[in-house]
Amino acid sequence: MLIIDLPDENATAMLAARLAAVARPGDVIALRGELGAGKTSFARAFISARGGGEAVPSPTFTLVQTYELPDGTVWHFDLYRLRTAEEAWELGIEDAFCDGIALIEWPERLGPLLPARRLLVALDLAATPDRRRATLIGGGDWAVRLAGIRAETASG
């Protein structure tokens, strides 16, 4: 587990860029947090850091947006409006889990369909609306990759 204070939106974007640099096809990144916690801002910064030059709208109404980027496809899911976990199959989530990088807002809506080998990024609002805290918990080989993020964070 890694806990990082995020004093402003720029710090959130920097964390997203660090994670984007170590993410690989097949990765699942679960973005948990209340409304306004910064999940979509994190996803925008992540996609931008992976080479996405286009606008990154919130997929609140479409439920999923895909971005064909130089290093592979990033799937951005917003599952807030999902009624059942099984509806995720209709969104192509299986393809995202196999071949792409899946950024999933409201991952708890997937229930048992959410892979154990995921990285959980829990964004919590702190004392002010701009200040957040990120708690990162990684399954699979994420523990090794988070050690590198921890070292970067400690050094500056």
# chains A, B, ... in the order shown; residues from 1 in each chain; ligands from 1
>>> select_by_dssp(residues="range 4-156 of chain A", states="helix (DSSP H, G or I)", output="PyMOL selection string")
chain A and resi 9-22+39-49+85-91+93-99+107-113+142-155
>>> closest_residue(among="A:Ala102, A:Ala143, A:Leu19, A:Leu2", to="Leu114 in chain A", atoms="only C-alpha atoms")
A:Ala102
>>> closest_residue(among="A:Glu54, A:Asp27, A:Glu68, A:Asp8", to="Gly139 in chain A", atoms="only C-alpha atoms")
A:Asp27
>>> residues_around(residues="Gly100 in chain A", least_positions_apart="4", cutoff="10 Å", atoms="only C-alpha atoms", output="ChimeraX atom specification")
/A:24-28,66-68,71-75,93-96
>>> residues_around(residues="Arg83 in chain A", least_positions_apart="5", cutoff="10 Å", atoms="only C-alpha atoms", output="PyMOL selection string")
chain A and resi 88+109-110
>>> write_last_selection(atoms="all heavy atoms", output="PDB file, in the first residue's frame")
ATOM      1  N   ALA A  88     -21.611  -4.920 -17.851  1.00  0.00           N
ATOM      2  CA  ALA A  88     -20.262  -4.531 -18.272  1.00  0.00           C
ATOM      3  C   ALA A  88     -19.780  -5.355 -19.452  1.00  0.00           C
ATOM      4  O   ALA A  88     -18.975  -4.880 -20.251  1.00  0.00           O
ATOM      5  CB  ALA A  88     -19.286  -4.656 -17.102  1.00  0.00           C
ATOM      6  N   ARG A 109     -19.093  -1.332  -8.759  1.00  0.00           N
ATOM      7  CA  ARG A 109     -20.274  -1.770  -9.505  1.00  0.00           C
ATOM      8  C   ARG A 109     -20.030  -3.094 -10.239  1.00  0.00           C
ATOM      9  O   ARG A 109     -20.970  -3.754 -10.644  1.00  0.00           O
ATOM     10  CB  ARG A 109     -20.701  -0.710 -10.523  1.00  0.00           C
ATOM     11  CG  ARG A 109     -20.942   0.663  -9.962  1.00  0.00           C
ATOM     12  CD  ARG A 109     -22.282   0.765  -9.310  1.00  0.00           C
ATOM     13  NE  ARG A 109     -22.437   2.104  -8.752  1.00  0.00           N
ATOM     14  CZ  ARG A 109     -23.587   2.682  -8.574  1.00  0.00           C
ATOM     15  NH1 ARG A 109     -24.694   2.056  -8.888  1.00  0.00           N
ATOM     16  NH2 ARG A 109     -23.642   3.876  -8.046  1.00  0.00           N
ATOM     17  N   LEU A 110     -18.756  -3.471 -10.397  1.00  0.00           N
ATOM     18  CA  LEU A 110     -18.435  -4.738 -11.065  1.00  0.00           C
ATOM     19  C   LEU A 110     -18.545  -5.938 -10.137  1.00  0.00           C
ATOM     20  O   LEU A 110     -18.598  -7.074 -10.608  1.00  0.00           O
ATOM     21  CB  LEU A 110     -17.023  -4.702 -11.654  1.00  0.00           C
ATOM     22  CG  LEU A 110     -16.847  -3.898 -12.922  1.00  0.00           C
ATOM     23  CD1 LEU A 110     -15.395  -3.908 -13.357  1.00  0.00           C
ATOM     24  CD2 LEU A 110     -17.740  -4.425 -14.033  1.00  0.00           C
TER      25      LEU A 110
END
>>> closest_residue(among="A:Met14, A:Leu63, A:Leu146, A:Leu125", to="Trp106 in chain A", atoms="only C-alpha atoms")
A:Leu63
>>> closest_residue(among="A:Ala16, A:Ala85, A:Leu91, A:Ile149", to="Phe46 in chain A", atoms="only C-alpha atoms")
A:Ala16
>>> residues_around(residues="Asn10 in chain A", least_positions_apart="6", cutoff="12 Å", atoms="only C-alpha atoms", output="PyMOL selection string")
chain A and resi 16-17+38+41-42+44-45+130-132
>>> residues_around(residues="Val64 in chain A", least_positions_apart="2", cutoff="9 Å", atoms="only C-alpha atoms", output="NGL selection string")
:A and (58-62 or 66 or 75-79 or 91-92)
>>> write_last_selection(atoms="N, CA and C atoms", output="PDB file, in the first residue's frame")
ATOM      1  N   SER A  58     -15.815  12.956 -19.798  1.00  0.00           N
ATOM      2  CA  SER A  58     -16.242  11.954 -18.819  1.00  0.00           C
ATOM      3  C   SER A  58     -17.200  10.993 -19.524  1.00  0.00           C
ATOM      4  N   PRO A  59     -16.992   9.690 -19.351  1.00  0.00           N
ATOM      5  CA  PRO A  59     -17.896   8.735 -19.994  1.00  0.00           C
ATOM      6  C   PRO A  59     -19.159   8.453 -19.165  1.00  0.00           C
ATOM      7  N   THR A  60     -19.640   9.451 -18.426  1.00  0.00           N
ATOM      8  CA  THR A  60     -20.793   9.259 -17.554  1.00  0.00           C
ATOM      9  C   THR A  60     -21.999   8.743 -18.332  1.00  0.00           C
ATOM     10  N   PHE A  61     -22.252   9.288 -19.512  1.00  0.00           N
ATOM     11  CA  PHE A  61     -23.445   8.885 -20.264  1.00  0.00           C
ATOM     12  C   PHE A  61     -23.161   7.782 -21.269  1.00  0.00           C
ATOM     13  N   THR A  62     -21.962   7.753 -21.840  1.00  0.00           N
ATOM     14  CA  THR A  62     -21.621   6.696 -22.795  1.00  0.00           C
ATOM     15  C   THR A  62     -21.149   5.431 -22.085  1.00  0.00           C
ATOM     16  N   THR A  66     -12.942   4.837 -25.593  1.00  0.00           N
ATOM     17  CA  THR A  66     -11.669   4.178 -25.886  1.00  0.00           C
ATOM     18  C   THR A  66     -10.738   5.164 -26.579  1.00  0.00           C
ATOM     19  N   TRP A  75      -9.010   2.044 -22.196  1.00  0.00           N
ATOM     20  CA  TRP A  75     -10.467   2.017 -22.051  1.00  0.00           C
ATOM     21  C   TRP A  75     -10.802   2.781 -20.776  1.00  0.00           C
ATOM     22  N   HIS A  76     -11.652   3.783 -20.881  1.00  0.00           N
ATOM     23  CA  HIS A  76     -12.058   4.591 -19.721  1.00  0.00           C
ATOM     24  C   HIS A  76     -13.543   4.313 -19.464  1.00  0.00           C
ATOM     25  N   PHE A  77     -13.809   3.622 -18.369  1.00  0.00           N
ATOM     26  CA  PHE A  77     -15.171   3.250 -17.992  1.00  0.00           C
ATOM     27  C   PHE A  77     -15.656   4.122 -16.844  1.00  0.00           C
ATOM     28  N   ASP A  78     -16.920   4.532 -16.917  1.00  0.00           N
ATOM     29  CA  ASP A  78     -17.598   5.145 -15.782  1.00  0.00           C
ATOM     30  C   ASP A  78     -18.833   4.288 -15.542  1.00  0.00           C
ATOM     31  N   LEU A  79     -18.794   3.490 -14.497  1.00  0.00           N
ATOM     32  CA  LEU A  79     -19.832   2.489 -14.266  1.00  0.00           C
ATOM     33  C   LEU A  79     -20.908   2.950 -13.286  1.00  0.00           C
ATOM     34  N   LEU A  91     -20.254  -3.705 -22.685  1.00  0.00           N
ATOM     35  CA  LEU A  91     -19.382  -2.548 -22.920  1.00  0.00           C
ATOM     36  C   LEU A  91     -18.010  -2.950 -23.454  1.00  0.00           C
ATOM     37  N   GLY A  92     -17.763  -4.267 -23.552  1.00  0.00           N
ATOM     38  CA  GLY A  92     -16.473  -4.742 -24.040  1.00  0.00           C
ATOM     39  C   GLY A  92     -15.417  -4.833 -22.960  1.00  0.00           C
TER      40      GLY A  92
END
>>> select_by_dssp(residues="chain A", states="strand (DSSP E)", output="number ranges by chain")
A: 2-6, 28-32, 64-69, 72-78, 101-105, 119-125, 132-138
>>> write_last_selection(atoms="N, CA and C atoms", output="CSV table (one decimal), in the first residue's frame")
chain,number,residue,atom,x,y,z
A,2,LEU,N,0.4,2.2,-0.7
A,2,LEU,CA,1.2,3.5,-0.8
A,2,LEU,C,0.2,4.6,-0.7
A,3,ILE,N,0.4,5.6,0.2
A,3,ILE,CA,-0.4,6.7,0.5
A,3,ILE,C,0.3,8.0,0.1
A,4,ILE,N,-0.3,8.8,-0.8
A,4,ILE,CA,0.3,10.0,-1.3
A,4,ILE,C,-0.6,11.2,-1.1
A,5,ASP,N,-0.2,12.2,-0.4
A,5,ASP,CA,-1.0,13.4,-0.3
A,5,ASP,C,-0.9,14.2,-1.7
A,6,LEU,N,-2.0,14.7,-2.1
A,6,LEU,CA,-2.1,15.4,-3.4
A,6,LEU,C,-2.6,16.8,-3.1
A,28,VAL,N,-5.6,-3.3,-15.1
A,28,VAL,CA,-6.9,-2.8,-14.6
A,28,VAL,C,-6.6,-1.8,-13.5
A,29,ILE,N,-7.0,-0.6,-13.7
A,29,ILE,CA,-6.8,0.5,-12.7
A,29,ILE,C,-8.2,0.9,-12.2
A,30,ALA,N,-8.5,0.6,-11.0
A,30,ALA,CA,-9.8,0.9,-10.4
A,30,ALA,C,-9.7,2.2,-9.7
A,31,LEU,N,-10.5,3.2,-10.1
A,31,LEU,CA,-10.5,4.5,-9.5
A,31,LEU,C,-11.7,4.7,-8.6
A,32,ARG,N,-11.5,4.7,-7.3
A,32,ARG,CA,-12.5,4.7,-6.3
A,32,ARG,C,-12.5,6.1,-5.6
A,64,VAL,N,-18.4,4.2,-21.5
A,64,VAL,CA,-17.0,3.8,-21.9
A,64,VAL,C,-16.6,4.7,-23.1
A,65,GLN,N,-15.3,5.1,-23.0
A,65,GLN,CA,-14.6,5.8,-24.1
A,65,GLN,C,-13.3,5.0,-24.3
A,66,THR,N,-12.9,4.8,-25.6
A,66,THR,CA,-11.7,4.2,-25.9
A,66,THR,C,-10.7,5.2,-26.6
A,67,TYR,N,-9.4,5.0,-26.3
A,67,TYR,CA,-8.4,5.8,-26.9
A,67,TYR,C,-7.3,5.0,-27.5
A,68,GLU,N,-7.2,5.0,-28.8
A,68,GLU,CA,-6.2,4.2,-29.5
A,68,GLU,C,-4.9,5.0,-29.4
A,69,LEU,N,-4.0,4.6,-28.6
A,69,LEU,CA,-2.8,5.4,-28.3
A,69,LEU,C,-1.6,4.6,-28.9
A,72,GLY,N,-1.0,1.2,-27.2
A,72,GLY,CA,-2.1,0.4,-27.0
A,72,GLY,C,-3.4,1.2,-26.6
A,73,THR,N,-4.4,0.5,-26.5
A,73,THR,CA,-5.7,1.1,-26.2
A,73,THR,C,-6.0,1.3,-24.7
A,74,VAL,N,-6.4,2.5,-24.4
A,74,VAL,CA,-6.9,2.7,-23.0
A,74,VAL,C,-8.4,2.8,-23.1
A,75,TRP,N,-9.0,2.0,-22.2
A,75,TRP,CA,-10.5,2.0,-22.1
A,75,TRP,C,-10.8,2.8,-20.8
A,76,HIS,N,-11.7,3.8,-20.9
A,76,HIS,CA,-12.1,4.6,-19.7
A,76,HIS,C,-13.5,4.3,-19.5
A,77,PHE,N,-13.8,3.6,-18.4
A,77,PHE,CA,-15.2,3.2,-18.0
A,77,PHE,C,-15.7,4.1,-16.8
A,78,ASP,N,-16.9,4.5,-16.9
A,78,ASP,CA,-17.6,5.1,-15.8
A,78,ASP,C,-18.8,4.3,-15.5
A,101,ILE,N,-5.6,-1.2,-21.5
A,101,ILE,CA,-5.5,-0.7,-20.1
A,101,ILE,C,-6.8,-0.2,-19.7
A,102,ALA,N,-7.4,-0.7,-18.7
A,102,ALA,CA,-8.8,-0.3,-18.2
A,102,ALA,C,-8.7,0.6,-17.1
A,103,LEU,N,-9.2,1.8,-17.2
A,103,LEU,CA,-9.4,2.8,-16.1
A,103,LEU,C,-10.9,2.7,-15.8
A,104,ILE,N,-11.2,2.3,-14.6
A,104,ILE,CA,-12.6,2.1,-14.2
A,104,ILE,C,-13.0,3.0,-13.0
A,105,GLU,N,-13.9,3.9,-13.3
A,105,GLU,CA,-14.5,4.7,-12.3
A,105,GLU,C,-15.7,3.9,-11.8
A,119,LEU,N,-4.9,-2.5,-9.8
A,119,LEU,CA,-4.4,-1.5,-9.0
A,119,LEU,C,-5.6,-0.7,-8.5
A,120,LEU,N,-5.8,-0.6,-7.2
A,120,LEU,CA,-6.8,0.3,-6.7
A,120,LEU,C,-6.2,1.7,-6.4
A,121,VAL,N,-6.8,2.7,-7.0
A,121,VAL,CA,-6.4,4.1,-6.6
A,121,VAL,C,-7.6,4.7,-6.0
A,122,ALA,N,-7.6,4.8,-4.6
A,122,ALA,CA,-8.7,5.4,-3.9
A,122,ALA,C,-8.4,6.9,-3.6
A,123,LEU,N,-9.2,7.7,-4.2
A,123,LEU,CA,-9.0,9.2,-4.0
A,123,LEU,C,-10.0,9.7,-2.9
A,124,ASP,N,-9.4,10.3,-1.9
A,124,ASP,CA,-10.2,10.8,-0.8
A,124,ASP,C,-10.0,12.3,-0.7
A,125,LEU,N,-11.2,13.0,-0.5
A,125,LEU,CA,-11.1,14.4,-0.3
A,125,LEU,C,-10.5,14.7,1.1
A,132,ARG,N,-6.4,16.3,-1.9
A,132,ARG,CA,-6.8,15.0,-1.9
A,132,ARG,C,-5.7,14.1,-1.4
A,133,ARG,N,-6.1,12.9,-1.1
A,133,ARG,CA,-5.1,11.8,-0.7
A,133,ARG,C,-5.4,10.6,-1.5
A,134,ALA,N,-4.4,10.0,-2.1
A,134,ALA,CA,-4.5,8.8,-2.9
A,134,ALA,C,-3.9,7.6,-2.1
A,135,THR,N,-4.7,6.6,-2.0
A,135,THR,CA,-4.2,5.3,-1.5
A,135,THR,C,-4.2,4.3,-2.6
A,136,LEU,N,-3.0,3.8,-2.8
A,136,LEU,CA,-2.8,2.8,-3.9
A,136,LEU,C,-2.5,1.4,-3.3
A,137,ILE,N,-3.3,0.5,-3.8
A,137,ILE,CA,-3.2,-0.9,-3.3
A,137,ILE,C,-3.1,-1.8,-4.6
A,138,GLY,N,-2.0,-2.5,-4.8
A,138,GLY,CA,-1.8,-3.2,-6.0
A,138,GLY,C,-1.8,-4.7,-5.8
>>> closest_residue(among="A:Gly140, A:Pro107, A:Gly53, A:Pro115", to="Tyr80 in chain A", atoms="only C-alpha atoms")
A:Pro107
